[in-house]
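Notes follow the structure.
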Amino acid sequence: MVLSDVNFSLAEGEILGLIGPNGAGKTTLFNIISGMLKPDRGKVLFGGRNITGKAPHKISRMGIARTFQIPQPFPEMTVLENVRAASMFSHGGGKGRLPKDPAEICGLLGLGGKKMHEPARRLTGGEKKRLEVARALGTSPGLLLLDEFAAGLTVAETKWASEMIRKLSKEFGLTLVWTEHVMRVLMRTVERVVVLHHGSVIAEGAPEAVVKDQGVLEAYFGGSSA
Amino acid sequence: MILPELVVLGVAYGLLFGVLALGLTLVWGVMKVVNIAHGDFVTVGAYSSYWLFTLAGVHPILSLLFTIPFGFGLGLLVYLGLVRRVANAPELMSLFLTFGLSTLISSLLLNLYSPNQRGVPISFPSINGLGVVLPGSVAIAAAYSVVVAVLLRLFLRRTFWGKAIRAVTEDREAALLMGINPEAVSLLSFGIGVAIATSVGSIVILLQAVTPTVGGDFTLLSFVIVVLGGLGSPLGALIGGVVIGVVNNVASLYLNAAVTPAIGFIVLVVVLIVRPSGIAGLKPD
Amino acid sequence: MKPNPQRLAPLALPVAAAVLLYVAPNYAAGTSLPFIILNWIVLAESFNMFAGLTGYVNFGHVVFYGVGGYIGGLLMANSMASPYAAVLAGGLGSALLALGMSLPTTRLRGAYFAIATLSINEAVFVIFDNWDAVGSAPGFTIPIADYLPLQVYYVMAIVAALCVATMYFMTRSKFGVAMQAIRQQEKTASSIGVNAAFYKTVALVISGFFAGLAGALAIWQIAFIDPTNAFDVRVTLNSISMVMLGGLGTVVGPIIGGTLLYGVGDYLDRRYPFLHLIVLGVVIIGVVMAMPQGIVGASRRFFQARRIRREESEGDGSNSRDLAHL
């Protein structure tokens, strides 16, 4: 995957939507930010520090958490153990107002009570997605990278997800970057959108403006449908 | 011996072991299982040809008509009975399973046929050309390898099942969506992998005497080649085979014969350090 | 009240101590059986420390054993150190080797790691087989003037106890959580701040240390070493079988598997030399197919299912058949 000319910045507590068709480079960008891929050129700055090419565990400890598009929990651990593991190694990188107690985080994501003690491998698809977020929050991050959180969720779950994301930003002061290739939910939730296509930013701005952008329309529906 | 001769010899041996490694890499590509018993199937093939020759006078080259279908059938059985069960388990389980299978095969052969060396007393006229003398048996090995490599390539490029194998190797889930049954493809590729190994055994018995425990050496050699060429890459396996064949043979000119076996492994470890995905490598994961 | 295995667990420690310190040396004096079993337990447990915890198979485990044996043996043969110091040096040497090995190999995933370690085993064998300064292929013997069977046995028992205790702490600590995370989903582990390469290195170094001690102790006992025996892949094979049979990743698995398999193997070796290997092959295949959690895992499941069944029937008496899958 090639990324070029991708340049944007984030304000604290902001929710940034990152959209683009399949293969636009959204996950690649997350892999670069979270240290799982090293870029050939370019820089990632976080809180004024250059974190380009640092190891993933170091980036996590600095307060950047991520979820995976296809949930990757620790399958044999229970839900609670998954989140507890996250809180054990993160050294509380972020300074947000997020709850620190793993059980409380599980509850926040609707995985409290009996669910908490179920092995992660037995969860449904939607529950696994929520566990992704709970585990990421377990590291008490300042920045959360959400990779296709709403993809594959039911209508009710999607609505809940969008409220959840708003709550994380408003109540807990978390900064979020949220990717999705289905735009609707995301557009209703975020304040600002960056559109990626073929590895470059083709539009940036408020959701209402971006949906009217000619380039974006072309990227999604337009001519060269190879 | 002189350098050009060693290079030719290395290429010839390298082709044979490259083809052997093809079998290993095919199975890896399709189901991400490293078959540690791969070399032991070579031993099985070599013993089959040995006994066919000793008891019935069947020429080892003719015995390919037996060892190929026999290996294919054996592969199907092993897949259905054992390997299928660990295909989706953690990788460690398939490594353990095939390691256990390797132990079982070599120790069964030990019990049946003792640790004695077995070889066939057949000699072939050497081939002279351009000032290079190549033993006839080695030339046969090289010719056989080229035939197998070409046939396999045609199979993978031209036939439905061949394309299915490539599709599953590339992206198992996408192949499933295209209506390909990955189970059937795994079964087929395991059968082909084992058939390649047993047939290489029939050729190996022309080149050297074998013992029941020689399989481990073949497995290691195939590993080295496959890692050099990049796991899952058929062309890489052939290139890796030739590289290792030439390096091993040429090195014997400068080094103590006892040390040469280690060269391949040293090359391997160096390659793994410098380029963890192999020379012609596919991306890891 | 039926006996509950968990309640009996604290009893295991004094019983084990009594067997190790009194029964074994007094009733099996003159035979090396208790020593050999303990030696295998250490080899199996140290293999388990890495493979069982991280999910990576070190097919070159015997290299630690062999190199530890060579270092200890050379020091003893040239009377350069007391046997105790020689044994310790063997362990430390192998730990250092493990550290060196981990630099290139901990970056390798799954099968690549397994292949690399198998190759390292082969390469190390060839080196020692041709290295005249350490006796090359014929190997060397050490003088047995100051050899006391009981002394060697007790050192072995202490090492075995330390090895099992180390495994216990490795599984029941933050270290253990990191290991579980790496084994179950390495990418996720690094995403939550686990330094996977570091933890894998530490596990390999500790594994190498104990296997090295076992090797040095073995040469103290046998008084002879050569490359064929020191780097025999069958030592790794045995360790794998013992760990698998007992229970991969469990603390007591290698003790159970080691004792059982060595007992059976020793008997078979005397009567039918080649049958032994067949049995090992069958054990590995059988365990992978039928009970991948080994004896410990299988019995844990059995007791768990029984407890749940009992709770269910005490509770609302609803059918216990639903739980049969546990």
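Ligands are numbered from 1 in the order shown, chains are lettered A, B, ... in the order of the structure tokens, and residues start at 1 in each chain.
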Check which residues of chain A sit at most 9 Å from chain C using only C-alpha atoms, and return one row each with the closest pair of atoms and their distance in Å to one decimal, ordered by chain and rising number, as a Markdown table.
```
| residue | atom | partner | partner_atom | distance |
| --- | --- | --- | --- | --- |
| A:Ser34 | CA | C:Ser191 | CA | 7.5 |
| A:Gly35 | CA | C:Ser191 | CA | 8.8 |
| A:Met36 | CA | C:Lys187 | CA | 8.5 |
| A:Ala55 | CA | C:Ser190 | CA | 8.4 |
| A:Pro56 | CA | C:Ser190 | CA | 5.7 |
| A:His57 | CA | C:Gly193 | CA | 3.8 |
| A:Lys58 | CA | C:Gly193 | CA | 6.3 |
| A:Ile59 | CA | C:Gly193 | CA | 7.6 |
| A:Ser60 | CA | C:Gly193 | CA | 5.1 |
| A:Arg61 | CA | C:Gly193 | CA | 5.6 |
| A:Ile64 | CA | C:Ser191 | CA | 8.9 |
| A:Ala65 | CA | C:Ser191 | CA | 7.0 |
| A:Arg66 | CA | C:Ser191 | CA | 7.0 |
| A:Thr67 | CA | C:Ser191 | CA | 8.6 |
| A:Phe68 | CA | C:Thr188 | CA | 8.5 |
| A:Gln72 | CA | C:Thr188 | CA | 6.4 |
| A:Pro73 | CA | C:Gln185 | CA | 7.0 |
| A:Phe74 | CA | C:Gln184 | CA | 5.3 |
| A:Pro75 | CA | C:Gln184 | CA | 6.5 |
| A:Glu76 | CA | C:Gln184 | CA | 7.2 |
| A:Met77 | CA | C:Gln180 | CA | 8.5 |
| A:Asn82 | CA | C:Ala181 | CA | 8.6 |
| A:Ala85 | CA | C:Val177 | CA | 6.7 |
| A:Ala86 | CA | C:Ile192 | CA | 5.1 |
| A:Ser87 | CA | C:Ile192 | CA | 7.9 |
| A:Met88 | CA | C:Lys174 | CA | 7.7 |
| A:Phe89 | CA | C:Gly193 | CA | 5.2 |
| A:Ser90 | CA | C:Gly193 | CA | 5.1 |
| A:His91 | CA | C:Gly193 | CA | 8.3 |
| A:Arg135 | CA | C:Ile192 | CA | 7.9 |
| A:Ala136 | CA | C:Ile192 | CA | 7.1 |
| A:Gly138 | CA | C:Ile192 | CA | 8.3 |
| A:Thr139 | CA | C:Ile192 | CA | 6.3 |
```
Please tabulate, as JSON lines, the residues of chain C that come within 7 Å of chain B, each with its closest pair of atoms and the distance in Å to one decimal, counting only C-alpha atoms and ordering rows by chain, then residue number upward.
```
{"residue": "C:Gly55", "atom": "CA", "partner": "B:Leu92", "partner_atom": "CA", "distance": 6.3}
{"residue": "C:Tyr56", "atom": "CA", "partner": "B:Leu92", "partner_atom": "CA", "distance": 6.6}
{"residue": "C:Val57", "atom": "CA", "partner": "B:Leu92", "partner_atom": "CA", "distance": 6.5}
{"residue": "C:Pro104", "atom": "CA", "partner": "B:Ile273", "partner_atom": "CA", "distance": 5.3}
{"residue": "C:Leu108", "atom": "CA", "partner": "B:Pro276", "partner_atom": "CA", "distance": 6.7}
{"residue": "C:Gly110", "atom": "CA", "partner": "B:Glu91", "partner_atom": "CA", "distance": 6.7}
{"residue": "C:Ala111", "atom": "CA", "partner": "B:Val34", "partner_atom": "CA", "distance": 6.7}
{"residue": "C:Ile115", "atom": "CA", "partner": "B:Phe223", "partner_atom": "CA", "distance": 6.6}
{"residue": "C:Ala116", "atom": "CA", "partner": "B:Val269", "partner_atom": "CA", "distance": 6.4}
{"residue": "C:Ser119", "atom": "CA", "partner": "B:Phe265", "partner_atom": "CA", "distance": 5.4}
{"residue": "C:Ile120", "atom": "CA", "partner": "B:Phe265", "partner_atom": "CA", "distance": 7.0}
{"residue": "C:Glu122", "atom": "CA", "partner": "B:Ala262", "partner_atom": "CA", "distance": 6.9}
{"residue": "C:Ala123", "atom": "CA", "partner": "B:Ala262", "partner_atom": "CA", "distance": 4.9}
{"residue": "C:Val126", "atom": "CA", "partner": "B:Ala262", "partner_atom": "CA", "distance": 6.1}
{"residue": "C:Phe274", "atom": "CA", "partner": "B:Asn111", "partner_atom": "CA", "distance": 5.9}
{"residue": "C:Leu277", "atom": "CA", "partner": "B:Ser107", "partner_atom": "CA", "distance": 5.7}
{"residue": "C:Ile278", "atom": "CA", "partner": "B:Leu104", "partner_atom": "CA", "distance": 5.1}
{"residue": "C:Gly281", "atom": "CA", "partner": "B:Gly100", "partner_atom": "CA", "distance": 4.3}
{"residue": "C:Val282", "atom": "CA", "partner": "B:Leu104", "partner_atom": "CA", "distance": 6.6}
{"residue": "C:Ile284", "atom": "CA", "partner": "B:Gly100", "partner_atom": "CA", "distance": 5.3}
{"residue": "C:Ile285", "atom": "CA", "partner": "B:Leu97", "partner_atom": "CA", "distance": 5.3}
{"residue": "C:Val288", "atom": "CA", "partner": "B:Leu97", "partner_atom": "CA", "distance": 6.3}
```
**DSSP strand (DSSP E or B) residues within stretch 133-190 of chain A, as a ChimeraX atom specification** = /A:143-147,175-180
**Those of stretch 6-104 of chain B in DSSP alpha helix (DSSP H), formatted as number ranges by chain** = B: 6-31, 38-56, 64-78, 84-86, 91-104
**Prompt:** Between atom CA of A:Ser9 and atom CA of A:Leu29, what is the distance, to one decimal in Å?
**Reply:**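 Separation of atom CA of A:Ser9 and atom CA of A:Leu29: 13.3 Å.
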**Separation of atom CA of B:Trp161 from atom CA of B:Val27, in Å and rounded to one decimal** = 14.2 Å
**Prompt:** So which residues touch A:Pro102 within 7 Å, counting only C-alpha atoms, skipping near sequence neighbours fewer than 5 positions away, as a ChimeraX atom specification?
**Reply:** /A:80,83-84,138
**Item:** Among the residues C:Tyr262, C:Phe231, C:Phe303, C:Tyr84, the one that comes closest to C:Val62 [using only C-alpha atoms]
**Value:** C:Phe231
**Request:** Tell me, as a list in words, which residues lie within 8 Å of A:Ala24, counting only C-alpha atoms; anything in the same chain fewer than 2 positions away does not count.
**Result:**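 Listing them by chain and then by number gives Gly20, Pro21, Asn22, Lys26, Leu196, His197, His198, Gly199 and Ser200 of chain A.
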Could you write out the selected residues, including N, CA and C atoms, as a tab-separated table (two decimals), in the first residue's frame?
```tsv
chain	number	residue	atom	x	y	z
A	20	GLY	N	-12.89	6.78	3.04
A	20	GLY	CA	-12.29	6.49	1.75
A	20	GLY	C	-12.70	5.10	1.35
A	21	PRO	N	-12.72	4.83	0.03
A	21	PRO	CA	-13.14	3.50	-0.43
A	21	PRO	C	-12.17	2.43	0.06
A	22	ASN	N	-12.58	1.17	-0.10
A	22	ASN	CA	-11.68	0.07	0.27
A	22	ASN	C	-10.34	0.22	-0.41
A	26	LYS	N	-6.54	3.51	4.69
A	26	LYS	CA	-6.91	3.88	6.06
A	26	LYS	C	-6.19	3.02	7.08
A	196	LEU	N	-9.55	9.89	2.22
A	196	LEU	CA	-8.37	9.28	1.59
A	196	LEU	C	-8.81	8.57	0.33
A	197	HIS	N	-7.98	8.68	-0.72
A	197	HIS	CA	-8.24	7.91	-1.93
A	197	HIS	C	-6.91	7.60	-2.59
A	198	HIS	N	-6.70	6.34	-2.95
A	198	HIS	CA	-5.42	5.91	-3.53
A	198	HIS	C	-4.24	6.44	-2.73
A	199	GLY	N	-4.37	6.45	-1.41
A	199	GLY	CA	-3.24	6.81	-0.58
A	199	GLY	C	-2.99	8.30	-0.43
A	200	SER	N	-3.87	9.16	-0.92
A	200	SER	CA	-3.67	10.59	-0.64
A	200	SER	C	-4.94	11.23	-0.13
```
**Item:** Separation of atom CA of A:Glu14 from atom CA of A:Val210 in Å
**Value:**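 Distance reported for this atom pair: 17.5 Å.
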**Who sits within 12 Å of A:Lys170, only C-alpha atoms, same chain under 2 positions skipped, as a count of residues only** = 20
**Prompt:** Which residues, written as a PyMOL selection string, have at least one atom at most 12 Å from B:Gly131, with only C-alpha atoms counted and residues fewer than 6 positions away on the same chain left out?
**Reply:** chain B and resi 1-5+8
